[in-house]
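Raw structure16.cif, mmCIF, C-alpha atoms; chains and numbers go by the auth columns:
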data_structure
#
loop_
_atom_site.group_PDB
_atom_site.id
_atom_site.type_symbol
_atom_site.label_atom_id
_atom_site.label_comp_id
_atom_site.label_asym_id
_atom_site.label_seq_id
_atom_site.Cartn_x
_atom_site.Cartn_y
_atom_site.Cartn_z
_atom_site.B_iso_or_equiv
_atom_site.auth_seq_id
_atom_site.auth_asym_id
ATOM 1 C CA MET A 1 -165.594 -59.859 -58.373 0.00 281 A
ATOM 2 C CA ALA A 2 -163.547 -58.519 -61.259 0.00 282 A
ATOM 3 C CA SER A 3 -162.814 -54.829 -61.438 0.00 283 A
ATOM 4 C CA THR A 4 -164.965 -52.883 -63.865 0.00 284 A
ATOM 5 C CA PHE A 5 -162.267 -50.297 -64.394 0.00 285 A
ATOM 6 C CA PRO A 6 -159.776 -50.849 -67.201 0.00 286 A
ATOM 7 C CA ALA A 7 -156.139 -51.129 -66.206 0.00 287 A
ATOM 8 C CA ALA A 8 -154.445 -47.777 -66.492 0.00 288 A
ATOM 9 C CA ALA A 9 -151.725 -47.707 -69.073 0.00 289 A
ATOM 10 C CA THR A 10 -148.405 -46.407 -67.817 0.00 290 A
ATOM 11 C CA PRO A 11 -146.847 -44.008 -70.287 0.00 291 A
ATOM 12 C CA ALA A 12 -143.450 -44.994 -71.597 0.00 292 A
ATOM 13 C CA GLY A 13 -140.743 -43.353 -69.541 0.00 293 A
ATOM 14 C CA ALA A 14 -142.942 -42.782 -66.481 0.00 294 A
ATOM 15 C CA LEU A 15 -140.815 -45.076 -64.324 0.00 295 A
ATOM 16 C CA THR A 16 -137.644 -43.398 -65.549 0.00 296 A
ATOM 17 C CA ASP A 17 -139.056 -39.979 -64.608 0.00 297 A
ATOM 18 C CA ARG A 18 -140.053 -41.263 -61.179 0.00 298 A
ATOM 19 C CA VAL A 19 -136.640 -42.782 -60.435 0.00 299 A
ATOM 20 C CA GLN A 20 -134.804 -39.705 -61.710 0.00 300 A
ATOM 21 C CA SER A 21 -136.955 -37.610 -59.398 0.00 301 A
ATOM 22 C CA LEU A 22 -136.137 -39.836 -56.409 0.00 302 A
ATOM 23 C CA PHE A 23 -132.407 -39.714 -57.036 0.00 303 A
ATOM 24 C CA SER A 24 -132.420 -35.964 -57.735 0.00 304 A
ATOM 25 C CA TYR A 25 -132.918 -35.137 -54.064 0.00 305 A
ATOM 26 C CA LEU A 26 -130.873 -37.952 -52.524 0.00 306 A
ATOM 27 C CA GLY A 27 -127.933 -35.612 -51.890 0.00 307 A
ATOM 28 C CA THR A 28 -130.117 -33.293 -49.822 0.00 308 A
ATOM 29 C CA THR A 29 -131.576 -36.278 -47.991 0.00 309 A
ATOM 30 C CA LEU A 30 -128.106 -37.540 -47.114 0.00 310 A
ATOM 31 C CA VAL A 31 -127.027 -34.155 -45.744 0.00 311 A
ATOM 32 C CA GLY A 32 -130.145 -33.964 -43.580 0.00 312 A
ATOM 33 C CA ASN A 33 -129.676 -37.520 -42.337 0.00 313 A
ATOM 34 C CA LEU A 34 -126.055 -36.835 -41.461 0.00 314 A
ATOM 35 C CA LEU A 35 -126.968 -33.710 -39.490 0.00 315 A
ATOM 36 C CA GLY A 36 -129.665 -35.602 -37.610 0.00 316 A
ATOM 37 C CA ALA A 37 -127.266 -38.442 -36.798 0.00 317 A
ATOM 38 C CA LEU A 38 -124.630 -36.009 -35.561 0.00 318 A
ATOM 39 C CA VAL A 39 -127.175 -34.333 -33.289 0.00 319 A
ATOM 40 C CA LEU A 40 -128.288 -37.661 -31.816 0.00 320 A
ATOM 41 C CA ALA A 41 -124.744 -38.975 -31.345 0.00 321 A
ATOM 42 C CA TRP A 42 -123.663 -35.752 -29.659 0.00 322 A
ATOM 43 C CA LEU A 43 -126.805 -35.537 -27.505 0.00 323 A
ATOM 44 C CA PHE A 44 -126.742 -39.127 -26.252 0.00 324 A
ATOM 45 C CA TRP A 45 -122.969 -39.562 -25.916 0.00 325 A
ATOM 46 C CA GLY A 46 -123.007 -38.340 -22.317 0.00 326 A
ATOM 47 C CA VAL A 47 -126.142 -40.151 -21.155 0.00 327 A
ATOM 48 C CA ALA A 48 -126.284 -43.479 -23.026 0.00 328 A
ATOM 49 C CA PRO A 49 -123.690 -46.250 -22.886 0.00 329 A
ATOM 50 C CA HIS A 50 -120.932 -45.424 -25.363 0.00 330 A
ATOM 51 C CA SER A 51 -121.187 -48.888 -26.904 0.00 331 A
ATOM 52 C CA ARG A 52 -124.851 -48.252 -27.726 0.00 332 A
ATOM 53 C CA VAL A 53 -124.158 -44.880 -29.336 0.00 333 A
ATOM 54 C CA THR A 54 -121.118 -46.218 -31.196 0.00 334 A
ATOM 55 C CA GLY A 55 -123.043 -49.237 -32.464 0.00 335 A
ATOM 56 C CA TRP A 56 -125.841 -47.043 -33.765 0.00 336 A
ATOM 57 C CA VAL A 57 -123.366 -44.658 -35.417 0.00 337 A
ATOM 58 C CA ILE A 58 -121.668 -47.608 -37.146 0.00 338 A
ATOM 59 C CA GLY A 59 -125.020 -48.923 -38.402 0.00 339 A
ATOM 60 C CA PHE A 60 -126.010 -45.459 -39.560 0.00 340 A
ATOM 61 C CA SER A 61 -122.663 -45.021 -41.321 0.00 341 A
ATOM 62 C CA VAL A 62 -123.017 -48.286 -43.233 0.00 342 A
ATOM 63 C CA VAL A 63 -126.449 -47.285 -44.547 0.00 343 A
ATOM 64 C CA TRP A 64 -125.401 -43.690 -45.192 0.00 344 A
ATOM 65 C CA PHE A 65 -122.291 -44.603 -47.188 0.00 345 A
ATOM 66 C CA TRP A 66 -124.207 -47.226 -49.154 0.00 346 A
ATOM 67 C CA ARG A 67 -126.798 -44.625 -50.098 0.00 347 A
ATOM 68 C CA LEU A 68 -124.025 -42.175 -51.023 0.00 348 A
ATOM 69 C CA TRP A 69 -122.436 -44.827 -53.246 0.00 349 A
ATOM 70 C CA LEU A 70 -125.862 -45.478 -54.754 0.00 350 A
ATOM 71 C CA ALA A 71 -126.336 -41.784 -55.601 0.00 351 A
ATOM 72 C CA ILE A 72 -122.923 -41.578 -57.241 0.00 352 A
ATOM 73 C CA ALA A 73 -123.393 -44.846 -59.146 0.00 353 A
ATOM 74 C CA TYR A 74 -126.818 -43.779 -60.416 0.00 354 A
ATOM 75 C CA ARG A 75 -125.452 -40.463 -61.638 0.00 355 A
ATOM 76 C CA ARG A 76 -122.608 -42.221 -63.461 0.00 356 A
ATOM 77 C CA ALA A 77 -124.880 -44.862 -64.992 0.00 357 A
ATOM 78 C CA ALA A 78 -127.519 -42.314 -66.064 0.00 358 A
ATOM 79 C CA PRO A 79 -130.047 -44.994 -67.086 0.00 359 A
ATOM 80 C CA THR A 80 -132.621 -43.880 -69.619 0.00 360 A
ATOM 81 C CA ASP A 81 -134.906 -46.890 -70.049 0.00 361 A
ATOM 82 C CA ASP A 82 -137.612 -48.148 -67.715 0.00 362 A
ATOM 83 C CA ALA A 83 -136.077 -51.619 -67.348 0.00 363 A
ATOM 84 C CA ALA A 84 -132.784 -50.295 -65.992 0.00 364 A
ATOM 85 C CA ASN A 85 -134.577 -47.762 -63.816 0.00 365 A
ATOM 86 C CA GLY A 86 -136.682 -50.556 -62.346 0.00 366 A
ATOM 87 C CA ARG A 87 -133.481 -52.094 -60.966 0.00 367 A
ATOM 88 C CA TRP A 88 -132.371 -48.723 -59.617 0.00 368 A
ATOM 89 C CA LEU A 89 -135.764 -48.278 -57.959 0.00 369 A
ATOM 90 C CA THR A 90 -135.278 -51.606 -56.171 0.00 370 A
ATOM 91 C CA LEU A 91 -131.901 -50.402 -54.883 0.00 371 A
ATOM 92 C CA TRP A 92 -133.465 -47.085 -53.852 0.00 372 A
ATOM 93 C CA ASN A 93 -136.145 -48.959 -51.927 0.00 373 A
ATOM 94 C CA LEU A 94 -133.519 -51.087 -50.162 0.00 374 A
ATOM 95 C CA GLY A 95 -131.666 -47.934 -49.135 0.00 375 A
ATOM 96 C CA THR A 96 -134.872 -46.399 -47.835 0.00 376 A
ATOM 97 C CA LEU A 97 -135.640 -49.567 -45.881 0.00 377 A
ATOM 98 C CA GLY A 98 -132.129 -49.522 -44.402 0.00 378 A
ATOM 99 C CA SER A 99 -132.575 -45.909 -43.379 0.00 379 A
ATOM 100 C CA ALA A 100 -135.909 -46.714 -41.747 0.00 380 A
ATOM 101 C CA VAL A 101 -134.299 -49.546 -39.785 0.00 381 A
ATOM 102 C CA VAL A 102 -131.497 -47.279 -38.558 0.00 382 A
ATOM 103 C CA TRP A 103 -133.849 -44.495 -37.446 0.00 383 A
ATOM 104 C CA GLY A 104 -136.253 -46.984 -35.887 0.00 384 A
ATOM 105 C CA ALA A 105 -133.340 -48.502 -34.001 0.00 385 A
ATOM 106 C CA ALA A 106 -132.458 -45.039 -32.682 0.00 386 A
ATOM 107 C CA ALA A 107 -135.904 -44.773 -31.119 0.00 387 A
ATOM 108 C CA TRP A 108 -135.608 -48.237 -29.642 0.00 388 A
ATOM 109 C CA LEU A 109 -132.051 -47.743 -28.351 0.00 389 A
ATOM 110 C CA PHE A 110 -132.326 -44.227 -26.954 0.00 390 A
ATOM 111 C CA PHE A 111 -135.934 -43.723 -25.834 0.00 391 A
ATOM 112 C CA GLY A 112 -136.029 -43.462 -22.055 0.00 392 A
ATOM 113 C CA THR A 113 -132.367 -42.457 -21.871 0.00 393 A
ATOM 114 C CA GLY A 114 -131.544 -39.009 -20.546 0.00 394 A
ATOM 115 C CA GLY A 115 -133.921 -36.266 -19.543 0.00 395 A
ATOM 116 C CA SER A 116 -136.910 -34.633 -21.148 0.00 396 A
ATOM 117 C CA LEU A 117 -134.742 -32.558 -23.510 0.00 397 A
ATOM 118 C CA HIS A 118 -133.148 -35.752 -24.838 0.00 398 A
ATOM 119 C CA GLN A 119 -136.539 -37.297 -25.445 0.00 399 A
ATOM 120 C CA VAL A 120 -137.966 -34.237 -27.197 0.00 400 A
ATOM 121 C CA VAL A 121 -134.945 -33.958 -29.498 0.00 401 A
ATOM 122 C CA LEU A 122 -135.026 -37.702 -30.175 0.00 402 A
ATOM 123 C CA VAL A 123 -138.686 -37.563 -31.194 0.00 403 A
ATOM 124 C CA LEU A 124 -138.189 -34.456 -33.342 0.00 404 A
ATOM 125 C CA VAL A 125 -135.151 -35.856 -35.144 0.00 405 A
ATOM 126 C CA ILE A 126 -136.763 -39.225 -35.792 0.00 406 A
ATOM 127 C CA TYR A 127 -140.032 -37.609 -36.828 0.00 407 A
ATOM 128 C CA SER A 128 -138.062 -35.642 -39.406 0.00 408 A
ATOM 129 C CA TYR A 129 -136.982 -38.890 -41.094 0.00 409 A
#
Is it possible to give me this structure as structure tokens?
Amino acid sequence: MASTFPAAATPAGALTDRVQSLFSYLGTTLVGNLLGALVLAWLFWGVAPHSRVTGWVIGFSVVWFWRLWLAIAYRRAAPTDDAANGRWLTLWNLGTLGSAVVWGAAAWLFFGTGGSLHQVVLVLVIYSY
């Protein structure tokens, strides 16, 4: 059955405003992610195999530096039209997906390792992201 509601028109520049808003807080997001990663690496270094912690830190670093590059590149490009911002939104979404994979991997790699304090901190850090 066809919808009886007319398609909502998107105002010109709405996508640009949305993407600018997303990128405006990426710096803060990166700082928070870095602090969370440092806490997890420090916390699990003594209780998890070093290769597991190191592998996760490398994966995190790849995603983190890519997102940092993305923030810098977006600021330099300063796109003003919706078409260009659509491409930047796709890159933003890929960065967000990469971040989700890294934090999901942390849960998978470290859950059940260490004591109750390790598990509580792991859940709180991952829940924050």
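Each of A:Phe324, A:Trp349, A:Tyr409, A:Trp383 was checked against A:Gly312 using all atoms listed in the file; the smallest atom-to-atom distance is that of A:Tyr409.
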(message) When the PyMOL selection byres ((chain A and resi 371) around 12) is applied to the structure above, which residues does it catch, written out as a PyMOL selection string?
(response) chain A and resi 299+302-303+346-347+349-351+353-354+364-370+372-378
(request) Could you tell me which of A:Leu323, A:Val311, A:Val381, A:Ser304 comes closest to A:Val401 if we count only C-alpha atoms? (result)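 Going through A:Leu323, A:Val311, A:Val381, A:Ser304 one by one, the smallest distance to A:Val401 is for A:Leu323.
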(message) Give me, as a list in words, all polymer residues having an atom no more than 9 Å from A:Ser408, counting only C-alpha atoms and skipping those fewer than 4 positions away in the same chain.
(response) Gly316, Val403 and Leu404 of chain A
(request) Work out how far atom CA of A:Ala321 is from atom CA of A:Thr334, in Å to one decimal. (result) 8.1 Å
(request) Work out how far atom CA of A:Gly293 is from atom CA of A:Asp362, in Å to one decimal. (result)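 Separating atom CA of A:Asp362 from atom CA of A:Gly293 is a distance of 6.0 Å.
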(request) Quick one: pull the distance between atom CA of A:Arg298 and atom CA of A:Arg355, Å, one decimal. (result) 14.6 Å
(request) Name the residues captured by the PyMOL selection byres ((chain A and resi 385) around 12) when it is applied to the shown file; answer as a ChimeraX atom specification. (result) /A:332-333,335-337,339-340,378-384,386-391,402,406
Could those residues be written to a file, using C-alpha atoms, as a PDB file, keeping the file's coordinate frame?
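And here's out33.pdb as it stands now:
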ATOM      1  CA  ARG A 332    -124.851 -48.252 -27.726  1.00  0.00           C
ATOM      2  CA  VAL A 333    -124.158 -44.880 -29.336  1.00  0.00           C
ATOM      3  CA  GLY A 335    -123.043 -49.237 -32.464  1.00  0.00           C
ATOM      4  CA  TRP A 336    -125.841 -47.043 -33.765  1.00  0.00           C
ATOM      5  CA  VAL A 337    -123.366 -44.658 -35.417  1.00  0.00           C
ATOM      6  CA  GLY A 339    -125.020 -48.923 -38.402  1.00  0.00           C
ATOM      7  CA  PHE A 340    -126.010 -45.459 -39.560  1.00  0.00           C
ATOM      8  CA  GLY A 378    -132.129 -49.522 -44.402  1.00  0.00           C
ATOM      9  CA  SER A 379    -132.575 -45.909 -43.379  1.00  0.00           C
ATOM     10  CA  ALA A 380    -135.909 -46.714 -41.747  1.00  0.00           C
ATOM     11  CA  VAL A 381    -134.299 -49.546 -39.785  1.00  0.00           C
ATOM     12  CA  VAL A 382    -131.497 -47.279 -38.558  1.00  0.00           C
ATOM     13  CA  TRP A 383    -133.849 -44.495 -37.446  1.00  0.00           C
ATOM     14  CA  GLY A 384    -136.253 -46.984 -35.887  1.00  0.00           C
ATOM     15  CA  ALA A 386    -132.458 -45.039 -32.682  1.00  0.00           C
ATOM     16  CA  ALA A 387    -135.904 -44.773 -31.119  1.00  0.00           C
ATOM     17  CA  TRP A 388    -135.608 -48.237 -29.642  1.00  0.00           C
ATOM     18  CA  LEU A 389    -132.051 -47.743 -28.351  1.00  0.00           C
ATOM     19  CA  PHE A 390    -132.326 -44.227 -26.954  1.00  0.00           C
ATOM     20  CA  PHE A 391    -135.934 -43.723 -25.834  1.00  0.00           C
ATOM     21  CA  LEU A 402    -135.026 -37.702 -30.175  1.00  0.00           C
ATOM     22  CA  ILE A 406    -136.763 -39.225 -35.792  1.00  0.00           C
TER      23      ILE A 406
END
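Of the residues under consideration (A:Ala358, A:Val400, A:Leu348, A:Val319), A:Leu348 shows the shortest atom-to-atom contact distance to A:Tyr305 when counting all atoms listed in the file.
For the residues A:His398, A:Thr360, A:Val405, A:Val343, ranking by smallest atom-to-atom distance to A:Trp325 using all atoms listed in the file places A:His398 first.
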(request) Rank A:Ala357, A:Ala317, A:Ile352, A:Leu295 by their smallest atom-to-atom distance to A:Ile338, using only C-alpha atoms, and report the top residue only. (result)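 Answer, going by the shortest atom-to-atom distance: A:Ala317.
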(message) Between A:Val327, A:Leu306, A:Ala363, A:Val342, which residue has the minimum interatomic distance to A:Leu397, considering all atoms listed in the file?
(response)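 Among A:Val327, A:Leu306, A:Ala363, A:Val342, it is A:Val327 that comes nearest to A:Leu397.
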Restore N, CA and C atoms in stretch 374-401 of chain A and list the result as a PDB file, in the coordinates of the input.
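rebuild-v2.pdb was written with the following content:
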ATOM      1  N   LEU A 374    -134.350 -50.427 -51.171  1.00  0.00           N
ATOM      2  CA  LEU A 374    -133.519 -51.087 -50.162  1.00  0.00           C
ATOM      3  C   LEU A 374    -132.800 -50.051 -49.293  1.00  0.00           C
ATOM      4  N   GLY A 375    -132.308 -49.002 -49.899  1.00  0.00           N
ATOM      5  CA  GLY A 375    -131.666 -47.934 -49.135  1.00  0.00           C
ATOM      6  C   GLY A 375    -132.637 -47.242 -48.197  1.00  0.00           C
ATOM      7  N   THR A 376    -133.847 -47.023 -48.666  1.00  0.00           N
ATOM      8  CA  THR A 376    -134.872 -46.399 -47.835  1.00  0.00           C
ATOM      9  C   THR A 376    -135.244 -47.313 -46.670  1.00  0.00           C
ATOM     10  N   LEU A 377    -135.357 -48.604 -46.944  1.00  0.00           N
ATOM     11  CA  LEU A 377    -135.640 -49.567 -45.881  1.00  0.00           C
ATOM     12  C   LEU A 377    -134.507 -49.576 -44.856  1.00  0.00           C
ATOM     13  N   GLY A 378    -133.266 -49.571 -45.320  1.00  0.00           N
ATOM     14  CA  GLY A 378    -132.129 -49.522 -44.402  1.00  0.00           C
ATOM     15  C   GLY A 378    -132.154 -48.277 -43.535  1.00  0.00           C
ATOM     16  N   SER A 379    -132.481 -47.155 -44.131  1.00  0.00           N
ATOM     17  CA  SER A 379    -132.575 -45.909 -43.379  1.00  0.00           C
ATOM     18  C   SER A 379    -133.683 -45.989 -42.325  1.00  0.00           C
ATOM     19  N   ALA A 380    -134.805 -46.564 -42.700  1.00  0.00           N
ATOM     20  CA  ALA A 380    -135.909 -46.714 -41.747  1.00  0.00           C
ATOM     21  C   ALA A 380    -135.507 -47.602 -40.571  1.00  0.00           C
ATOM     22  N   VAL A 381    -134.762 -48.650 -40.851  1.00  0.00           N
ATOM     23  CA  VAL A 381    -134.299 -49.546 -39.785  1.00  0.00           C
ATOM     24  C   VAL A 381    -133.366 -48.796 -38.832  1.00  0.00           C
ATOM     25  N   VAL A 382    -132.453 -48.016 -39.388  1.00  0.00           N
ATOM     26  CA  VAL A 382    -131.497 -47.279 -38.558  1.00  0.00           C
ATOM     27  C   VAL A 382    -132.217 -46.254 -37.667  1.00  0.00           C
ATOM     28  N   TRP A 383    -133.148 -45.502 -38.245  1.00  0.00           N
ATOM     29  CA  TRP A 383    -133.849 -44.495 -37.446  1.00  0.00           C
ATOM     30  C   TRP A 383    -134.810 -45.145 -36.459  1.00  0.00           C
ATOM     31  N   GLY A 384    -135.419 -46.249 -36.842  1.00  0.00           N
ATOM     32  CA  GLY A 384    -136.253 -46.984 -35.887  1.00  0.00           C
ATOM     33  C   GLY A 384    -135.435 -47.533 -34.741  1.00  0.00           C
ATOM     34  N   ALA A 385    -134.234 -48.005 -35.046  1.00  0.00           N
ATOM     35  CA  ALA A 385    -133.340 -48.502 -34.001  1.00  0.00           C
ATOM     36  C   ALA A 385    -132.943 -47.384 -33.045  1.00  0.00           C
ATOM     37  N   ALA A 386    -132.792 -46.170 -33.555  1.00  0.00           N
ATOM     38  CA  ALA A 386    -132.458 -45.039 -32.682  1.00  0.00           C
ATOM     39  C   ALA A 386    -133.555 -44.837 -31.643  1.00  0.00           C
ATOM     40  N   ALA A 387    -134.797 -44.920 -32.068  1.00  0.00           N
ATOM     41  CA  ALA A 387    -135.904 -44.773 -31.119  1.00  0.00           C
ATOM     42  C   ALA A 387    -135.859 -45.891 -30.079  1.00  0.00           C
ATOM     43  N   TRP A 388    -135.635 -47.086 -30.538  1.00  0.00           N
ATOM     44  CA  TRP A 388    -135.608 -48.237 -29.642  1.00  0.00           C
ATOM     45  C   TRP A 388    -134.419 -48.168 -28.677  1.00  0.00           C
ATOM     46  N   LEU A 389    -133.268 -47.759 -29.168  1.00  0.00           N
ATOM     47  CA  LEU A 389    -132.051 -47.743 -28.351  1.00  0.00           C
ATOM     48  C   LEU A 389    -131.988 -46.574 -27.372  1.00  0.00           C
ATOM     49  N   PHE A 390    -132.540 -45.428 -27.751  1.00  0.00           N
ATOM     50  CA  PHE A 390    -132.326 -44.227 -26.954  1.00  0.00           C
ATOM     51  C   PHE A 390    -133.558 -43.721 -26.210  1.00  0.00           C
ATOM     52  N   PHE A 391    -134.746 -44.216 -26.536  1.00  0.00           N
ATOM     53  CA  PHE A 391    -135.934 -43.723 -25.834  1.00  0.00           C
ATOM     54  C   PHE A 391    -135.859 -44.144 -24.372  1.00  0.00           C
ATOM     55  N   GLY A 392    -136.111 -43.209 -23.488  1.00  0.00           N
ATOM     56  CA  GLY A 392    -136.029 -43.462 -22.055  1.00  0.00           C
ATOM     57  C   GLY A 392    -134.662 -43.172 -21.475  1.00  0.00           C
ATOM     58  N   THR A 393    -133.720 -42.799 -22.326  1.00  0.00           N
ATOM     59  CA  THR A 393    -132.367 -42.457 -21.871  1.00  0.00           C
ATOM     60  C   THR A 393    -132.254 -40.946 -21.795  1.00  0.00           C
ATOM     61  N   GLY A 394    -131.713 -40.446 -20.695  1.00  0.00           N
ATOM     62  CA  GLY A 394    -131.544 -39.009 -20.546  1.00  0.00           C
ATOM     63  C   GLY A 394    -132.800 -38.350 -20.010  1.00  0.00           C
ATOM     64  N   GLY A 395    -132.807 -37.041 -20.069  1.00  0.00           N
ATOM     65  CA  GLY A 395    -133.921 -36.266 -19.543  1.00  0.00           C
ATOM     66  C   GLY A 395    -134.949 -35.927 -20.609  1.00  0.00           C
ATOM     67  N   SER A 396    -135.823 -35.003 -20.243  1.00  0.00           N
ATOM     68  CA  SER A 396    -136.910 -34.633 -21.148  1.00  0.00           C
ATOM     69  C   SER A 396    -136.386 -33.966 -22.421  1.00  0.00           C
ATOM     70  N   LEU A 397    -135.319 -33.181 -22.318  1.00  0.00           N
ATOM     71  CA  LEU A 397    -134.742 -32.558 -23.510  1.00  0.00           C
ATOM     72  C   LEU A 397    -134.270 -33.629 -24.498  1.00  0.00           C
ATOM     73  N   HIS A 398    -133.623 -34.661 -23.985  1.00  0.00           N
ATOM     74  CA  HIS A 398    -133.148 -35.752 -24.838  1.00  0.00           C
ATOM     75  C   HIS A 398    -134.315 -36.425 -25.569  1.00  0.00           C
ATOM     76  N   GLN A 399    -135.390 -36.625 -24.844  1.00  0.00           N
ATOM     77  CA  GLN A 399    -136.539 -37.297 -25.445  1.00  0.00           C
ATOM     78  C   GLN A 399    -137.216 -36.438 -26.504  1.00  0.00           C
ATOM     79  N   VAL A 400    -137.341 -35.154 -26.230  1.00  0.00           N
ATOM     80  CA  VAL A 400    -137.966 -34.237 -27.197  1.00  0.00           C
ATOM     81  C   VAL A 400    -137.123 -34.177 -28.470  1.00  0.00           C
ATOM     82  N   VAL A 401    -135.815 -34.025 -28.322  1.00  0.00           N
ATOM     83  CA  VAL A 401    -134.945 -33.958 -29.498  1.00  0.00           C
ATOM     84  C   VAL A 401    -134.980 -35.279 -30.256  1.00  0.00           C
TER      85      VAL A 401
END
